[in-house]
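Structure record follows, encoded as structure tokens.
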Amino acid sequence: MTTDKFWSTMAKRAEPYVPGLQLNNPDIIKLNTNENAYPPSPKVIEAIKDAASKDLQLYPSPTADRLKESIANHYSLSNDQVFVGNGSDEVLAFSFMAFFEPGETIKYPNITYSFYPVYAKLFDIPFEEVPLNDDLTIEPESLFQSDGGVIFPNPNAPTSLYMPLASVEAVIQANENKVVIVDEAYVDFAEASAASLVNKYKNLLVIKTTSKSRALAGLRVGYALGDQSLIKALIRMKDSFNSYTIDRLALAGATASFEDKDYFNQTTEKIVATRERATKQLEAIRFDVLPSATNFLFIRHDTENAAELYEKLLEKNILVRYFDVPLVNNYLRVTVGTNEQMDELVHKLKEIIE
Ligand SMILES: *Cc1c(COP(=O)(O)O)cnc(C)c1O
């Protein structure tokens, strides 16, 4: 604590994000950080091996054009409507710098991804945390007419709930002079992406990641879709910070992922099927399961205490996530694993409850 006389005010002000535990115990069923239940496509592994076998002595492309093109094709957009970064967390950080202003209050939901207040505090951006509805959905009107801009995940985390596209569009329209950032980390497990609105609204930035639906959390590739002028601002941030945020292996692997559509569709469908199956299993043992549009479930038992369930599951080698924050402190967030993993979870929960 004596070193802090050397810290800048920014370093002192920082309140860093605390990620979910990454335990390296192979006996643990890890359902706490919403990683994919399946490994990435074999074509991704092949592409990474191939990239590793040549030219690593050379810097990667600073513009990542090849990867941008695969992403642009996937969403029927052009390259200059795509930004790529080292995980969507980095893209989010650049977005706070590029579009939000100290002195202008931004809005986001009071129960949401806990990285938003971290960035807001770091960059000195005032924020208003608007309350969710009683059913834990985001009230679109609560995000209207923001002074400084808006950010929210859709589907929201950790609630797993999806806001229909018509409501997302209403939020964008009601903030026409400010940027609305929709963090779609989980949207591939939901009904529809706001990517289809990018050509229509100059103030919309859609941020996505390959970490969840593309099983590439270990590779660190996130991206943003938006109007050319927003993308240009993000590139200005990146190039003022680090020219090469995505390495050669990540460029190759992420590009291969966007080109293997079959594998992506198959694994996504399997996870959605397991999600629906696990929802019924959990409801049968008296859990209230919010209708998830993600690869995780937000659940609450009608008699058992969530913090105790979390501890007892960990004793039985199942790791889930518990947030000790008001309003949701009796819920557990459980990643959707394989059918076998979810059977094991339900089995252990039955033992604990009985
Ligand atoms: C997982 C997650 C991210 C971060 O994804 P990375 O690309 O792995 O940095 C961003 N937003 C939300 C809501 C998430 O759940």
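Residue numbering restarts at 1 for every chain of the structure tokens, chains are lettered A, B, ... in their displayed order, and ligands are numbered from 1 as they appear.
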Using only C-alpha atoms and all ligand atoms, find each protein or nucleic acid residue lying at most 9 Å from ligand 1; present the set as a PDB file with N, CA and C atoms, in the first residue's frame.
```pdb
ATOM      1  N   THR A  33     -18.566 -19.510 -16.096  1.00  0.00           N
ATOM      2  CA  THR A  33     -18.192 -18.328 -16.892  1.00  0.00           C
ATOM      3  C   THR A  33     -18.743 -18.372 -18.326  1.00  0.00           C
ATOM      4  N   ASN A  34     -19.779 -19.169 -18.526  1.00  0.00           N
ATOM      5  CA  ASN A  34     -20.518 -19.183 -19.800  1.00  0.00           C
ATOM      6  C   ASN A  34     -19.666 -19.485 -21.024  1.00  0.00           C
ATOM      7  N   GLU A  35     -18.633 -20.307 -20.806  1.00  0.00           N
ATOM      8  CA  GLU A  35     -17.875 -20.803 -21.952  1.00  0.00           C
ATOM      9  C   GLU A  35     -18.733 -21.816 -22.705  1.00  0.00           C
ATOM     10  N   GLY A  85     -11.321  -6.655 -32.211  1.00  0.00           N
ATOM     11  CA  GLY A  85     -10.446  -6.364 -31.072  1.00  0.00           C
ATOM     12  C   GLY A  85     -10.104  -7.600 -30.272  1.00  0.00           C
ATOM     13  N   ASN A  86      -9.251  -7.393 -29.298  1.00  0.00           N
ATOM     14  CA  ASN A  86      -8.759  -8.473 -28.444  1.00  0.00           C
ATOM     15  C   ASN A  86      -9.800  -8.798 -27.363  1.00  0.00           C
ATOM     16  N   GLY A  87     -10.830  -9.542 -27.758  1.00  0.00           N
ATOM     17  CA  GLY A  87     -11.952  -9.813 -26.866  1.00  0.00           C
ATOM     18  C   GLY A  87     -12.926  -8.652 -26.915  1.00  0.00           C
ATOM     19  N   SER A  88     -14.214  -8.942 -26.661  1.00  0.00           N
ATOM     20  CA  SER A  88     -15.166  -7.824 -26.734  1.00  0.00           C
ATOM     21  C   SER A  88     -14.984  -6.882 -25.559  1.00  0.00           C
ATOM     22  N   ASP A  89     -14.356  -7.346 -24.486  1.00  0.00           N
ATOM     23  CA  ASP A  89     -14.083  -6.426 -23.375  1.00  0.00           C
ATOM     24  C   ASP A  89     -13.208  -5.259 -23.849  1.00  0.00           C
ATOM     25  N   GLU A  90     -12.235  -5.573 -24.695  1.00  0.00           N
ATOM     26  CA  GLU A  90     -11.400  -4.495 -25.231  1.00  0.00           C
ATOM     27  C   GLU A  90     -12.210  -3.583 -26.164  1.00  0.00           C
ATOM     28  N   VAL A  91     -13.075  -4.196 -26.975  1.00  0.00           N
ATOM     29  CA  VAL A  91     -13.916  -3.393 -27.869  1.00  0.00           C
ATOM     30  C   VAL A  91     -14.830  -2.478 -27.048  1.00  0.00           C
ATOM     31  N   LEU A  92     -15.329  -3.016 -25.935  1.00  0.00           N
ATOM     32  CA  LEU A  92     -16.163  -2.193 -25.038  1.00  0.00           C
ATOM     33  C   LEU A  92     -15.349  -1.027 -24.472  1.00  0.00           C
ATOM     34  N   THR A 112     -26.735  -5.848 -14.563  1.00  0.00           N
ATOM     35  CA  THR A 112     -26.183  -6.041 -15.909  1.00  0.00           C
ATOM     36  C   THR A 112     -24.726  -6.473 -15.813  1.00  0.00           C
ATOM     37  N   TYR A 113     -24.055  -6.472 -16.942  1.00  0.00           N
ATOM     38  CA  TYR A 113     -22.649  -6.882 -16.996  1.00  0.00           C
ATOM     39  C   TYR A 113     -21.813  -5.944 -16.119  1.00  0.00           C
ATOM     40  N   SER A 114     -21.065  -6.514 -15.165  1.00  0.00           N
ATOM     41  CA  SER A 114     -20.428  -5.644 -14.175  1.00  0.00           C
ATOM     42  C   SER A 114     -19.159  -4.958 -14.683  1.00  0.00           C
ATOM     43  N   PHE A 115     -18.822  -5.166 -15.951  1.00  0.00           N
ATOM     44  CA  PHE A 115     -17.694  -4.413 -16.512  1.00  0.00           C
ATOM     45  C   PHE A 115     -18.085  -2.958 -16.838  1.00  0.00           C
ATOM     46  N   PHE A 152     -26.323  -1.544 -23.112  1.00  0.00           N
ATOM     47  CA  PHE A 152     -26.976  -2.676 -22.438  1.00  0.00           C
ATOM     48  C   PHE A 152     -26.694  -3.950 -23.217  1.00  0.00           C
ATOM     49  N   PRO A 153     -26.668  -5.079 -22.506  1.00  0.00           N
ATOM     50  CA  PRO A 153     -26.505  -6.341 -23.199  1.00  0.00           C
ATOM     51  C   PRO A 153     -27.876  -6.851 -23.657  1.00  0.00           C
ATOM     52  N   ASN A 154     -27.909  -7.451 -24.824  1.00  0.00           N
ATOM     53  CA  ASN A 154     -29.130  -8.127 -25.247  1.00  0.00           C
ATOM     54  C   ASN A 154     -28.764  -9.443 -25.913  1.00  0.00           C
ATOM     55  N   PRO A 155     -29.178 -10.560 -25.295  1.00  0.00           N
ATOM     56  CA  PRO A 155     -29.841 -10.737 -23.997  1.00  0.00           C
ATOM     57  C   PRO A 155     -29.014 -10.154 -22.853  1.00  0.00           C
ATOM     58  N   ASN A 156     -29.732  -9.780 -21.770  1.00  0.00           N
ATOM     59  CA  ASN A 156     -29.040  -9.200 -20.626  1.00  0.00           C
ATOM     60  C   ASN A 156     -28.332 -10.296 -19.824  1.00  0.00           C
ATOM     61  N   ALA A 157     -27.227  -9.912 -19.217  1.00  0.00           N
ATOM     62  CA  ALA A 157     -26.508 -10.803 -18.303  1.00  0.00           C
ATOM     63  C   ALA A 157     -26.511 -10.131 -16.935  1.00  0.00           C
ATOM     64  N   PRO A 158     -26.720 -10.840 -15.838  1.00  0.00           N
ATOM     65  CA  PRO A 158     -26.884 -12.296 -15.766  1.00  0.00           C
ATOM     66  C   PRO A 158     -28.321 -12.791 -15.823  1.00  0.00           C
ATOM     67  N   ASP A 183     -24.665  -4.797 -26.476  1.00  0.00           N
ATOM     68  CA  ASP A 183     -23.646  -5.823 -26.243  1.00  0.00           C
ATOM     69  C   ASP A 183     -24.309  -7.187 -26.452  1.00  0.00           C
ATOM     70  N   GLU A 184     -24.040  -7.772 -27.623  1.00  0.00           N
ATOM     71  CA  GLU A 184     -24.726  -9.020 -27.988  1.00  0.00           C
ATOM     72  C   GLU A 184     -23.859 -10.260 -27.760  1.00  0.00           C
ATOM     73  N   ALA A 185     -23.230 -10.348 -26.601  1.00  0.00           N
ATOM     74  CA  ALA A 185     -22.354 -11.491 -26.309  1.00  0.00           C
ATOM     75  C   ALA A 185     -23.085 -12.834 -26.471  1.00  0.00           C
ATOM     76  N   TYR A 186     -24.399 -12.825 -26.202  1.00  0.00           N
ATOM     77  CA  TYR A 186     -25.150 -14.093 -26.193  1.00  0.00           C
ATOM     78  C   TYR A 186     -26.201 -14.196 -27.290  1.00  0.00           C
ATOM     79  N   ILE A 207     -21.954  -4.856 -30.389  1.00  0.00           N
ATOM     80  CA  ILE A 207     -20.683  -5.484 -30.012  1.00  0.00           C
ATOM     81  C   ILE A 207     -20.905  -6.973 -29.770  1.00  0.00           C
ATOM     82  N   LYS A 208     -20.004  -7.773 -30.303  1.00  0.00           N
ATOM     83  CA  LYS A 208     -20.145  -9.221 -30.198  1.00  0.00           C
ATOM     84  C   LYS A 208     -18.811  -9.863 -29.852  1.00  0.00           C
ATOM     85  N   THR A 209     -18.889 -11.156 -29.556  1.00  0.00           N
ATOM     86  CA  THR A 209     -17.678 -11.881 -29.171  1.00  0.00           C
ATOM     87  C   THR A 209     -17.674 -13.278 -29.777  1.00  0.00           C
ATOM     88  N   THR A 210     -16.472 -13.828 -29.968  1.00  0.00           N
ATOM     89  CA  THR A 210     -16.367 -15.230 -30.375  1.00  0.00           C
ATOM     90  C   THR A 210     -16.222 -16.132 -29.143  1.00  0.00           C
ATOM     91  N   SER A 211     -16.280 -15.544 -27.951  1.00  0.00           N
ATOM     92  CA  SER A 211     -15.997 -16.306 -26.724  1.00  0.00           C
ATOM     93  C   SER A 211     -17.102 -17.276 -26.321  1.00  0.00           C
ATOM     94  N   LYS A 212     -18.340 -16.952 -26.638  1.00  0.00           N
ATOM     95  CA  LYS A 212     -19.441 -17.784 -26.172  1.00  0.00           C
ATOM     96  C   LYS A 212     -19.915 -18.729 -27.272  1.00  0.00           C
ATOM     97  N   LEU A 216     -14.508 -19.730 -28.484  1.00  0.00           N
ATOM     98  CA  LEU A 216     -13.135 -19.248 -28.608  1.00  0.00           C
ATOM     99  C   LEU A 216     -12.736 -18.296 -27.472  1.00  0.00           C
ATOM    100  N   ALA A 217     -13.237 -18.550 -26.275  1.00  0.00           N
ATOM    101  CA  ALA A 217     -12.897 -17.668 -25.141  1.00  0.00           C
ATOM    102  C   ALA A 217     -11.387 -17.572 -24.949  1.00  0.00           C
ATOM    103  N   GLY A 218     -10.673 -18.670 -25.243  1.00  0.00           N
ATOM    104  CA  GLY A 218      -9.228 -18.682 -25.061  1.00  0.00           C
ATOM    105  C   GLY A 218      -8.457 -17.926 -26.130  1.00  0.00           C
ATOM    106  N   LEU A 219      -9.140 -17.573 -27.217  1.00  0.00           N
ATOM    107  CA  LEU A 219      -8.436 -16.923 -28.333  1.00  0.00           C
ATOM    108  C   LEU A 219      -8.485 -15.402 -28.264  1.00  0.00           C
ATOM    109  N   ARG A 220      -9.516 -14.877 -27.592  1.00  0.00           N
ATOM    110  CA  ARG A 220      -9.704 -13.432 -27.377  1.00  0.00           C
ATOM    111  C   ARG A 220      -9.967 -12.661 -28.662  1.00  0.00           C
ATOM    112  N   VAL A 221     -11.120 -12.861 -29.238  1.00  0.00           N
ATOM    113  CA  VAL A 221     -11.518 -12.060 -30.397  1.00  0.00           C
ATOM    114  C   VAL A 221     -12.952 -11.561 -30.205  1.00  0.00           C
ATOM    115  N   GLY A 222     -13.091 -10.247 -30.191  1.00  0.00           N
ATOM    116  CA  GLY A 222     -14.404  -9.624 -30.144  1.00  0.00           C
ATOM    117  C   GLY A 222     -14.529  -8.690 -31.329  1.00  0.00           C
ATOM    118  N   TYR A 223     -15.754  -8.216 -31.602  1.00  0.00           N
ATOM    119  CA  TYR A 223     -15.914  -7.326 -32.752  1.00  0.00           C
ATOM    120  C   TYR A 223     -17.113  -6.414 -32.573  1.00  0.00           C
TER     121      TYR A 223
END
```
For the strand (DSSP E) assignment from backbone DSSP, which residues of region 137-235 of chain A qualify? Please present them as a list in words.
Gly149, Val150, Ile151, Phe152, Pro153, Val180, Ile181, Val182, Asp183, Leu204, Leu205, Val206, Ile207, Lys208, Thr209, Gly222, Tyr223, Ala224, Leu225 and Gly226 of chain A
Just to be explicit: take each residue in the selection above, keep C-alpha atoms, and write the result as a compact mmCIF listing (two decimals), in the first residue's frame.
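Okay, this is what ended up in result_10.txt:
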```txt
# COMPACT_ATOMS: atom_id res chain seq x y z
CA GLY A 149 -25.45 7.50 -24.45
CA VAL A 150 -26.70 4.03 -23.64
CA ILE A 151 -25.20 0.59 -23.20
CA PHE A 152 -26.98 -2.68 -22.44
CA PRO A 153 -26.51 -6.34 -23.20
CA VAL A 180 -26.50 3.24 -28.29
CA ILE A 181 -24.26 0.23 -27.69
CA VAL A 182 -25.93 -3.17 -27.74
CA ASP A 183 -23.65 -5.82 -26.24
CA LEU A 204 -26.07 2.04 -33.27
CA LEU A 205 -23.01 0.03 -32.30
CA VAL A 206 -23.47 -3.74 -31.93
CA ILE A 207 -20.68 -5.48 -30.01
CA LYS A 208 -20.14 -9.22 -30.20
CA THR A 209 -17.68 -11.88 -29.17
CA GLY A 222 -14.40 -9.62 -30.14
CA TYR A 223 -15.91 -7.33 -32.75
CA ALA A 224 -18.25 -4.45 -33.36
CA LEU A 225 -20.68 -3.67 -36.17
CA GLY A 226 -21.77 -0.13 -36.91
```
Would you kindly return, as a ChimeraX atom specification, each protein, DNA or RNA residue with an atom no farther than 10 Å from any atom of Glu308 (chain A), considering only C-alpha atoms and excluding same-chain residues fewer than 6 positions away?
/A:314,322,330,352
Go ahead and save the residues from that selection, with N, CA and C atoms, as a PDB file, in the first residue's frame.
```
ATOM      1  N   LEU A 314     -20.260 -26.561  -4.882  1.00  0.00           N
ATOM      2  CA  LEU A 314     -18.797 -26.532  -5.013  1.00  0.00           C
ATOM      3  C   LEU A 314     -18.165 -27.698  -4.251  1.00  0.00           C
ATOM      4  N   TYR A 322     -22.448 -17.082  -8.373  1.00  0.00           N
ATOM      5  CA  TYR A 322     -23.376 -16.442  -7.445  1.00  0.00           C
ATOM      6  C   TYR A 322     -22.989 -14.975  -7.325  1.00  0.00           C
ATOM      7  N   ASN A 330     -30.585 -14.063  -4.553  1.00  0.00           N
ATOM      8  CA  ASN A 330     -31.044 -15.432  -4.291  1.00  0.00           C
ATOM      9  C   ASN A 330     -31.097 -16.256  -5.579  1.00  0.00           C
ATOM     10  N   ILE A 352     -28.672 -32.391  -2.612  1.00  0.00           N
ATOM     11  CA  ILE A 352     -28.546 -31.274  -1.661  1.00  0.00           C
ATOM     12  C   ILE A 352     -29.906 -30.893  -1.076  1.00  0.00           C
TER      13      ILE A 352
END
```
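Considering only C-alpha atoms, the residue among A:Leu122, A:Val82, A:Ile28, A:Ala51 positioned nearest to Arg13 (chain A) is A:Leu122.
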With only C-alpha atoms as the counted atoms, please give the residues lying no more than 7 Å from region 130-145 of chain A, apart from itself and same-chain residues fewer than 2 positions off, as a VMD selection string.
chain A and resid 107 to 110 128 147 150 159 161 167 171 174 to 175
Please provide as a ChimeraX atom specification all residues within 12 Å of Phe123 (chain A), with the sequence filter that same-chain residues fewer than 2 positions apart are discarded (counting only C-alpha atoms).
/A:9-11,13-15,93-104,116-121,125-127
With only C-alpha atoms counted and 12 Å as the cut-off, give the residues of region 235-278 of chain A in contact with region 283-300 of chain A, each with its shortest interatomic distance in Å and the pair that gives it, as JSON lines.
```
{"residue": "A:Thr267", "atom": "CA", "partner": "A:Asn295", "partner_atom": "CA", "distance": 11.1}
{"residue": "A:Thr268", "atom": "CA", "partner": "A:Asn295", "partner_atom": "CA", "distance": 8.8}
{"residue": "A:Glu269", "atom": "CA", "partner": "A:Asn295", "partner_atom": "CA", "distance": 10.6}
{"residue": "A:Lys270", "atom": "CA", "partner": "A:Asn295", "partner_atom": "CA", "distance": 10.4}
{"residue": "A:Ile271", "atom": "CA", "partner": "A:Asn295", "partner_atom": "CA", "distance": 6.7}
{"residue": "A:Val272", "atom": "CA", "partner": "A:Asn295", "partner_atom": "CA", "distance": 7.1}
{"residue": "A:Ala273", "atom": "CA", "partner": "A:Asn295", "partner_atom": "CA", "distance": 10.3}
{"residue": "A:Thr274", "atom": "CA", "partner": "A:Asn295", "partner_atom": "CA", "distance": 9.2}
{"residue": "A:Arg275", "atom": "CA", "partner": "A:Asn295", "partner_atom": "CA", "distance": 7.0}
{"residue": "A:Glu276", "atom": "CA", "partner": "A:Ser292", "partner_atom": "CA", "distance": 8.7}
{"residue": "A:Arg277", "atom": "CA", "partner": "A:Glu283", "partner_atom": "CA", "distance": 10.1}
{"residue": "A:Ala278", "atom": "CA", "partner": "A:Glu283", "partner_atom": "CA", "distance": 8.4}
```
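Going from CA of Ala306 (chain A) to CA of Leu332 (chain A) covers 6.1 Å.
Computed from the coordinates, the CA of Val187 (chain A) to CA of Tyr201 (chain A) distance equals 19.1 Å.
If you measure from each of A:Ile111, A:Thr338, A:Ala250, A:Ser193 to Pro39 (chain A) using only C-alpha atoms, the closest one turns out to be A:Thr338.
Distances to Asp50 (chain A) were evaluated for A:Asn203, A:Arg248, A:Glu344, A:Ala72 using only C-alpha atoms, and the minimum falls at A:Arg248.
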Excluding Asn265 (chain A) and any residue of its chain fewer than 4 positions from it, enumerate the residues within 10 Å of it, using only C-alpha atoms, and give them as a short mmCIF file (atom, residue, chain, number, x, y, z; two decimals) with N, CA, C and O atoms, in the first residue's frame.
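And here's part-v4.cif as it stands now:
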```
data_model
loop_
_atom_site.label_atom_id
_atom_site.label_comp_id
_atom_site.auth_asym_id
_atom_site.auth_seq_id
_atom_site.Cartn_x
_atom_site.Cartn_y
_atom_site.Cartn_z
N ASP A 188 -26.41 -15.08 -30.29
CA ASP A 188 -26.52 -16.23 -31.19
C ASP A 188 -27.41 -17.33 -30.62
O ASP A 188 -27.85 -18.21 -31.35
N SER A 213 -20.65 -18.22 -28.26
CA SER A 213 -21.24 -19.12 -29.26
C SER A 213 -20.21 -19.75 -30.19
O SER A 213 -20.47 -20.77 -30.80
N ARG A 214 -19.02 -19.16 -30.31
CA ARG A 214 -17.99 -19.73 -31.19
C ARG A 214 -16.88 -20.46 -30.45
O ARG A 214 -15.86 -20.84 -31.04
N ASP A 260 -16.80 -21.75 -41.07
CA ASP A 260 -17.39 -23.07 -40.83
C ASP A 260 -18.79 -22.90 -40.22
O ASP A 260 -19.00 -23.06 -39.02
N LYS A 261 -19.73 -22.57 -41.07
CA LYS A 261 -21.08 -22.25 -40.59
C LYS A 261 -21.80 -23.48 -40.04
O LYS A 261 -22.59 -23.38 -39.10
N GLU A 269 -27.28 -25.11 -31.88
CA GLU A 269 -28.57 -25.82 -31.73
C GLU A 269 -28.54 -26.81 -30.58
O GLU A 269 -29.51 -26.96 -29.84
N LYS A 270 -27.40 -27.50 -30.44
CA LYS A 270 -27.30 -28.47 -29.34
C LYS A 270 -27.41 -27.77 -27.98
O LYS A 270 -28.08 -28.25 -27.06
#
```
Within 12 Å of Ile235 (chain A) using only C-alpha atoms, minus same-chain residues under 2 positions, as number ranges by chain:
A: 62-64, 80-85, 91, 94-95, 97-98, 223-224, 228-233, 237-245
Output C-alpha atoms of each residue in that selection to a file, as a PDB file, in the first residue's frame.
```pdb
ATOM      1  CA  PRO A  62      -2.768  -4.236 -38.163  1.00  0.00           C
ATOM      2  CA  THR A  63      -6.033  -3.899 -40.092  1.00  0.00           C
ATOM      3  CA  ALA A  64      -7.171  -7.541 -39.874  1.00  0.00           C
ATOM      4  CA  ASP A  80     -15.714  -0.684 -43.087  1.00  0.00           C
ATOM      5  CA  GLN A  81     -18.728  -1.463 -40.881  1.00  0.00           C
ATOM      6  CA  VAL A  82     -16.661  -3.961 -38.848  1.00  0.00           C
ATOM      7  CA  PHE A  83     -14.149  -3.421 -36.034  1.00  0.00           C
ATOM      8  CA  VAL A  84     -12.214  -6.286 -34.432  1.00  0.00           C
ATOM      9  CA  GLY A  85     -10.446  -6.364 -31.072  1.00  0.00           C
ATOM     10  CA  VAL A  91     -13.916  -3.393 -27.869  1.00  0.00           C
ATOM     11  CA  PHE A  94     -12.466   1.465 -26.799  1.00  0.00           C
ATOM     12  CA  SER A  95     -16.165   2.243 -27.242  1.00  0.00           C
ATOM     13  CA  MET A  97     -13.376   6.087 -24.887  1.00  0.00           C
ATOM     14  CA  ALA A  98     -14.661   6.780 -28.395  1.00  0.00           C
ATOM     15  CA  TYR A 223     -15.914  -7.326 -32.752  1.00  0.00           C
ATOM     16  CA  ALA A 224     -18.249  -4.446 -33.360  1.00  0.00           C
ATOM     17  CA  GLN A 228     -18.456   3.632 -40.948  1.00  0.00           C
ATOM     18  CA  SER A 229     -17.979   6.747 -38.841  1.00  0.00           C
ATOM     19  CA  LEU A 230     -18.325   4.819 -35.552  1.00  0.00           C
ATOM     20  CA  ILE A 231     -15.896   2.167 -36.798  1.00  0.00           C
ATOM     21  CA  LYS A 232     -13.442   4.889 -37.765  1.00  0.00           C
ATOM     22  CA  ALA A 233     -13.532   6.281 -34.217  1.00  0.00           C
ATOM     23  CA  MET A 237      -8.699   4.496 -30.336  1.00  0.00           C
ATOM     24  CA  LYS A 238      -7.007   1.187 -31.184  1.00  0.00           C
ATOM     25  CA  ASP A 239      -4.238   2.831 -33.193  1.00  0.00           C
ATOM     26  CA  SER A 240      -3.542   5.227 -30.347  1.00  0.00           C
ATOM     27  CA  PHE A 241      -3.143   2.295 -28.004  1.00  0.00           C
ATOM     28  CA  ASN A 242      -1.771  -0.828 -29.744  1.00  0.00           C
ATOM     29  CA  SER A 243      -1.450  -1.427 -33.488  1.00  0.00           C
ATOM     30  CA  TYR A 244      -1.593  -5.210 -33.222  1.00  0.00           C
ATOM     31  CA  THR A 245      -4.367  -6.184 -30.835  1.00  0.00           C
TER      32      THR A 245
END
```
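CA of Lys350 (chain A) to CA of Ala37 (chain A) spans 22.4 Å [interatomic distance, one decimal].
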Smallest atom-to-atom distance to Asn317 (chain A): which of A:Arg333, A:Lys178, A:Arg66, A:Lys30, using only C-alpha atoms?
A:Lys30
